[in-house]
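Visitor: My structure is stored as coords.pdb, with PDB, C-alpha atoms.
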```pdb
ATOM      1  CA  MET A   1     -50.358  97.442 136.963
ATOM      2  CA  GLU A   2     -47.048  96.394 135.422
ATOM      3  CA  VAL A   3     -43.871  96.889 137.364
ATOM      4  CA  SER A   4     -40.628  98.155 135.843
ATOM      5  CA  MET A   5     -38.159  95.290 135.596
ATOM      6  CA  GLN A   6     -35.374  93.887 133.495
ATOM      7  CA  ILE A   7     -35.814  90.530 131.727
ATOM      8  CA  ILE A   8     -32.530  88.707 131.142
ATOM      9  CA  PRO A   9     -31.468  85.188 130.143
ATOM     10  CA  LEU A  10     -31.517  82.712 133.023
ATOM     11  CA  GLU A  11     -27.909  81.839 132.221
ATOM     12  CA  CYS A  12     -26.795  85.254 133.557
ATOM     13  CA  HIS A  13     -27.782  84.254 137.112
ATOM     14  CA  ARG A  14     -28.027  80.467 136.933
ATOM     15  CA  GLN A  15     -26.882  79.808 140.517
ATOM     16  CA  SER A  16     -29.463  82.220 141.936
ATOM     17  CA  ALA A  17     -32.120  80.714 139.660
ATOM     18  CA  ILE A  18     -31.217  77.202 140.844
ATOM     19  CA  GLN A  19     -31.562  78.287 144.485
ATOM     20  CA  LEU A  20     -34.912  79.957 143.810
ATOM     21  CA  PHE A  21     -36.195  76.911 141.923
ATOM     22  CA  GLN A  22     -35.089  74.663 144.801
ATOM     23  CA  ASN A  23     -36.926  76.883 147.298
ATOM     24  CA  LEU A  24     -40.120  77.028 145.222
ATOM     25  CA  TRP A  25     -40.310  73.435 143.976
ATOM     26  CA  GLY A  26     -38.427  71.463 146.662
ATOM     27  CA  ALA A  27     -35.770  70.234 144.226
ATOM     28  CA  THR A  28     -33.902  71.375 141.123
ATOM     29  CA  ASN A  29     -35.907  69.061 138.887
ATOM     30  CA  MET A  30     -39.455  69.180 137.595
ATOM     31  CA  VAL A  31     -41.099  65.853 136.784
ATOM     32  CA  VAL A  32     -44.007  65.867 134.344
ATOM     33  CA  SER A  33     -45.359  63.473 131.758
ATOM     34  CA  THR A  34     -42.965  64.921 129.150
ATOM     35  CA  GLY A  35     -39.996  63.861 131.278
ATOM     36  CA  GLN A  36     -37.633  65.136 133.935
ATOM     37  CA  HIS A  37     -36.369  68.673 133.535
ATOM     38  CA  ASP A  38     -33.570  70.062 135.706
ATOM     39  CA  ILE A  39     -33.163  73.811 136.123
ATOM     40  CA  LYS A  40     -29.398  73.241 136.004
ATOM     41  CA  ASP A  41     -29.781  72.426 132.278
ATOM     42  CA  LEU A  42     -32.791  74.485 131.196
ATOM     43  CA  LYS A  43     -32.875  77.732 129.298
ATOM     44  CA  GLY A  44     -35.079  80.537 130.473
ATOM     45  CA  PHE A  45     -35.555  84.126 131.485
ATOM     46  CA  ILE A  46     -35.482  85.832 134.833
ATOM     47  CA  ALA A  47     -37.157  89.064 135.837
ATOM     48  CA  MET A  48     -34.950  91.345 137.910
ATOM     49  CA  LYS A  49     -35.742  94.450 139.921
ATOM     50  CA  ASN A  50     -33.124  96.192 142.059
ATOM     51  CA  ASP A  51     -30.724  93.255 141.524
ATOM     52  CA  GLN A  52     -33.285  90.805 142.949
ATOM     53  CA  ILE A  53     -34.954  87.976 141.046
ATOM     54  CA  ILE A  54     -38.706  88.592 141.077
ATOM     55  CA  GLY A  55     -39.673  86.028 138.440
ATOM     56  CA  LEU A  56     -38.403  83.013 136.539
ATOM     57  CA  LEU A  57     -39.494  81.156 133.428
ATOM     58  CA  SER A  58     -37.752  77.992 132.241
ATOM     59  CA  TYR A  59     -38.289  76.244 128.935
ATOM     60  CA  GLU A  60     -37.102  73.525 126.611
ATOM     61  CA  LEU A  61     -36.940  73.863 122.831
ATOM     62  CA  LYS A  62     -38.428  70.987 120.868
ATOM     63  CA  ALA A  63     -38.374  70.379 117.101
ATOM     64  CA  ASP A  64     -41.345  72.601 116.243
ATOM     65  CA  TYR A  65     -42.534  74.004 119.571
ATOM     66  CA  LEU A  66     -41.368  75.415 122.856
ATOM     67  CA  GLU A  67     -42.345  73.719 126.118
ATOM     68  CA  ILE A  68     -42.628  75.985 129.131
ATOM     69  CA  ILE A  69     -41.379  73.980 132.101
ATOM     70  CA  SER A  70     -41.985  76.504 134.880
ATOM     71  CA  ILE A  71     -43.098  80.055 135.383
ATOM     72  CA  ASP A  72     -42.959  81.729 138.760
ATOM     73  CA  SER A  73     -43.712  85.257 139.867
ATOM     74  CA  LEU A  74     -42.614  86.254 143.346
ATOM     75  CA  ARG A  75     -45.011  89.220 143.231
ATOM     76  CA  PRO A  76     -48.231  87.972 141.594
ATOM     77  CA  GLY A  77     -50.627  90.327 139.900
ATOM     78  CA  ILE A  78     -48.211  92.994 138.661
ATOM     79  CA  GLY A  79     -47.286  91.631 135.223
ATOM     80  CA  ILE A  80     -44.131  89.639 135.911
ATOM     81  CA  GLY A  81     -45.497  86.371 134.511
ATOM     82  CA  SER A  82     -46.978  88.179 131.514
ATOM     83  CA  GLN A  83     -43.679  89.840 130.648
ATOM     84  CA  LEU A  84     -41.777  86.560 130.987
ATOM     85  CA  LEU A  85     -44.358  84.834 128.799
ATOM     86  CA  ASN A  86     -44.060  87.629 126.210
ATOM     87  CA  MET A  87     -40.289  87.063 126.056
ATOM     88  CA  VAL A  88     -40.624  83.336 125.454
ATOM     89  CA  GLU A  89     -43.351  83.912 122.866
ATOM     90  CA  GLU A  90     -41.074  86.358 120.994
ATOM     91  CA  LEU A  91     -38.326  83.741 121.067
ATOM     92  CA  ALA A  92     -40.687  81.099 119.672
ATOM     93  CA  TYR A  93     -41.694  83.441 116.818
ATOM     94  CA  GLU A  94     -38.019  84.197 116.064
ATOM     95  CA  LYS A  95     -37.330  80.472 115.847
ATOM     96  CA  GLN A  96     -40.455  79.998 113.679
ATOM     97  CA  LEU A  97     -41.956  77.493 116.089
ATOM     98  CA  THR A  98     -45.609  76.546 115.647
ATOM     99  CA  LYS A  99     -46.768  76.580 119.266
ATOM    100  CA  LEU A 100     -46.094  76.957 122.961
ATOM    101  CA  GLU A 101     -47.019  74.114 125.308
ATOM    102  CA  VAL A 102     -47.217  73.986 129.070
ATOM    103  CA  ILE A 103     -48.292  71.367 131.574
ATOM    104  CA  THR A 104     -49.831  72.226 134.903
ATOM    105  CA  THR A 105     -51.654  70.206 137.507
ATOM    106  CA  ASN A 106     -55.396  69.978 138.095
ATOM    107  CA  ASP A 107     -55.218  71.985 141.337
ATOM    108  CA  ASN A 108     -53.477  75.004 139.833
ATOM    109  CA  LEU A 109     -56.485  77.214 139.194
ATOM    110  CA  ASN A 110     -54.354  80.373 138.987
ATOM    111  CA  ALA A 111     -52.210  78.889 136.220
ATOM    112  CA  LEU A 112     -55.273  77.711 134.295
ATOM    113  CA  GLY A 113     -56.699  81.214 134.339
ATOM    114  CA  PHE A 114     -53.358  82.866 133.563
ATOM    115  CA  TYR A 115     -52.682  80.760 130.488
ATOM    116  CA  GLN A 116     -56.220  80.835 129.115
ATOM    117  CA  LYS A 117     -56.340  84.644 129.377
ATOM    118  CA  ARG A 118     -53.227  84.680 127.192
ATOM    119  CA  GLY A 119     -54.542  82.511 124.376
ATOM    120  CA  PHE A 120     -53.677  79.007 125.583
ATOM    121  CA  ARG A 121     -56.276  76.267 125.178
ATOM    122  CA  LEU A 122     -56.692  73.144 127.264
ATOM    123  CA  THR A 123     -55.875  70.281 124.893
ATOM    124  CA  GLU A 124     -55.327  67.229 127.065
ATOM    125  CA  VAL A 125     -55.911  65.745 130.496
ATOM    126  CA  ILE A 126     -53.308  63.196 131.574
ATOM    127  CA  PRO A 127     -55.036  61.158 134.309
ATOM    128  CA  ASP A 128     -52.925  60.064 137.294
ATOM    129  CA  ALA A 129     -49.771  61.647 135.830
ATOM    130  CA  VAL A 130     -48.833  63.167 139.178
ATOM    131  CA  ARG A 131     -49.037  59.806 140.943
ATOM    132  CA  LEU A 132     -46.476  58.506 138.447
ATOM    133  CA  ALA A 133     -44.315  61.614 138.888
ATOM    134  CA  ARG A 134     -44.251  61.046 142.667
ATOM    135  CA  LYS A 135     -42.451  57.740 142.080
ATOM    136  CA  ILE A 136     -39.541  59.817 140.752
ATOM    137  CA  LYS A 137     -40.037  62.931 142.893
ATOM    138  CA  PRO A 138     -41.726  62.009 146.193
ATOM    139  CA  GLU A 139     -41.596  65.666 147.365
ATOM    140  CA  ILE A 140     -44.666  66.443 145.236
ATOM    141  CA  PRO A 141     -47.444  67.092 147.763
ATOM    142  CA  LEU A 142     -50.672  65.102 147.776
ATOM    143  CA  LYS A 143     -52.831  68.217 148.163
ATOM    144  CA  ALA A 144     -52.384  71.830 147.117
ATOM    145  CA  ASP A 145     -52.635  74.775 149.510
ATOM    146  CA  ASN A 146     -56.196  75.254 148.223
ATOM    147  CA  GLY A 147     -57.136  71.737 149.432
ATOM    148  CA  ILE A 148     -57.489  70.206 145.963
ATOM    149  CA  PRO A 149     -55.825  66.773 145.604
ATOM    150  CA  ILE A 150     -52.976  66.960 143.068
ATOM    151  CA  VAL A 151     -53.668  64.059 140.720
ATOM    152  CA  ASP A 152     -53.799  64.874 137.006
ATOM    153  CA  GLU A 153     -51.800  66.950 134.557
ATOM    154  CA  LEU A 154     -53.399  69.375 132.126
ATOM    155  CA  LYS A 155     -51.721  70.309 128.854
ATOM    156  CA  LEU A 156     -52.358  73.786 127.470
ATOM    157  CA  VAL A 157     -51.269  74.893 124.011
ATOM    158  CA  LYS A 158     -51.018  78.259 122.293
ATOM    159  CA  GLN A 159     -50.876  78.021 118.505
ATOM    160  CA  LEU A 160     -48.435  80.509 116.989
ATOM    161  CA  MET A 161     -48.410  79.436 113.337
ATOM    162  CA  ASP A 162     -50.039  76.764 111.230
TER     163      ASP A 162
END
```
How would this structure read if it were set down as structure tokens?
Guide:
Amino acid sequence: MEVSMQIIPLECHRQSAIQLFQNLWGATNMVVSTGQHDIKDLKGFIAMKNDQIIGLLSYELKADYLEIISIDSLRPGIGIGSQLLNMVEELAYEKQLTKLEVITTNDNLNALGFYQKRGFRLTEVIPDAVRLARKIKPEIPLKADNGIPIVDELKLVKQLMD
């Protein structure tokens, strides 16, 4: 069941997006093996319904690919993440990029399923990456809500063009 919503550039509501990111991630920055990414500087899309943000996707453009930094749906299971992902995939095609990449952590079983259902493939395990990230961002929890220790990063890639 997909919900009716409007997808707009993150820049249109940056302050609200920053506050949401802070609430969801404990800070405005995301620390992964590809570097530090601050929502204050990232591009992205937000999903709006009745003037409320119900989803957020942030990304960074690289030379030949687009790296998804974060994707959050405040109402899981109704197509918000899928619609945000469709927008960023359209953008990547417009820019003639070869692939989409995303990094998640080993505990994030929902993300692993979400991305794989949409054509992403697991291409790399980065052992102990989260331990290193905690040196920069100590707010990263040791265990997820599902009880799995948060230790490694997993890179997923969706090829768009060869």
Visitor: If I take CA of Leu122 (chain A) and CA of Gln159 (chain A), how far is one from the other in Å, to one decimal?
Guide: 11.6 Å
Visitor: The residues within 10 Å of (-43.4, 79.9, 115.0), using all atoms listed in the file and the coordinates of the file, should be reported as a PyMOL selection string; which are they?
Guide: chain A and resi 64-66+89-100+159-162
Visitor: Hey, can you check how far CA of Ala111 (chain A) sits from CA of Ile71 (chain A)?
Guide: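 Computing the Euclidean distance for CA of Ala111 (chain A) and CA of Ile71 (chain A) yields 9.2 Å.
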Visitor: What do you get, as a PDB file with C-alpha atoms, keeping the file's coordinate frame, if you spell out every residue that the PyMOL selection byres ((chain A and resi 103) around 8) selects here?
Guide:
```pdb
ATOM      1  CA  VAL A  32     -44.007  65.867 134.344  1.00  0.00           C
ATOM      2  CA  ILE A  68     -42.628  75.985 129.131  1.00  0.00           C
ATOM      3  CA  ILE A  69     -41.379  73.980 132.101  1.00  0.00           C
ATOM      4  CA  GLU A 101     -47.019  74.114 125.308  1.00  0.00           C
ATOM      5  CA  VAL A 102     -47.217  73.986 129.070  1.00  0.00           C
ATOM      6  CA  THR A 104     -49.831  72.226 134.903  1.00  0.00           C
ATOM      7  CA  THR A 105     -51.654  70.206 137.507  1.00  0.00           C
ATOM      8  CA  GLU A 153     -51.800  66.950 134.557  1.00  0.00           C
ATOM      9  CA  LEU A 154     -53.399  69.375 132.126  1.00  0.00           C
ATOM     10  CA  LYS A 155     -51.721  70.309 128.854  1.00  0.00           C
ATOM     11  CA  LEU A 156     -52.358  73.786 127.470  1.00  0.00           C
TER      12      LEU A 156
END
```
Visitor: By how many Å are CA of Asp107 (chain A) and CA of Leu142 (chain A) apart?
Guide: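 Here the two named atoms are 10.5 Å from each other.
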Visitor: Could you tell me, as a ChimeraX atom specification, exactly which residues end up selected when the PyMOL selection byres ((chain A and resi 54) around 9) is applied to this structure?
Guide: /A:5,46-49,52-53,55-56,72-75,80
Visitor: Between A:Phe120, A:Gly35, A:Ser16, A:Pro9, which has the minimum distance to Ser58 (chain A) (counting only C-alpha atoms)?
Guide: A:Pro9
Visitor: How big is the axis-aligned box around the listed atoms of region 33-51 of chain A once 6 Å is added on each side, and where is its centre? Give both in Å to one decimal, as AutoDock Vina command-line options.
Guide:
```
--center_x -37.4 --center_y 79.8 --center_z 135.6 --size_x 28.0 --size_y 44.7 --size_z 24.9
```
Visitor: Using only C-alpha atoms, which of A:Asp41, A:Met87, A:Trp25, A:Ser82 sits nearest Ile140 (chain A)?
Guide: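 Once distances to Ile140 (chain A) are computed over only C-alpha atoms, the minimum belongs to A:Trp25.
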Visitor: Enumerate, as a tab-separated table (two decimals) with C-alpha atoms, keeping the file's coordinate frame, the residues matched when the PyMOL selection byres ((chain A and resi 126) around 6) is run on the file above.
Guide:
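As a result, part_30.tsv now contains:
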```tsv
chain	number	residue	atom	x	y	z
A	125	VAL	CA	-55.91	65.74	130.50
A	127	PRO	CA	-55.04	61.16	134.31
A	129	ALA	CA	-49.77	61.65	135.83
A	152	ASP	CA	-53.80	64.87	137.01
A	153	GLU	CA	-51.80	66.95	134.56
```
Visitor: Please determine, counting all atoms listed in the file, which residue among A:Ala133, A:Asn108, A:Thr34, A:Leu85 has the shortest atom-to-atom distance to Lys62 (chain A).
Guide: A:Thr34
Visitor: Smallest atom-to-atom distance to Ile7 (chain A): which of A:Asp145, A:Asn50, A:Phe45, A:Tyr59, using all atoms listed in the file?
Guide: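 Among A:Asp145, A:Asn50, A:Phe45, A:Tyr59, it is A:Phe45 that comes nearest to Ile7 (chain A).
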Visitor: Taking into account only C-alpha atoms, which residue in the set A:Arg14, A:Lys40, A:Lys143, A:Lys158 is nearest to Val88 (chain A)?
Guide: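 Closest candidate: A:Lys158.
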Visitor: Measuring between all atoms listed in the file, which one of A:Glu60, A:Asp128, A:Glu67, A:Glu139 shows the shortest distance to Val157 (chain A)?
Guide: A:Glu67
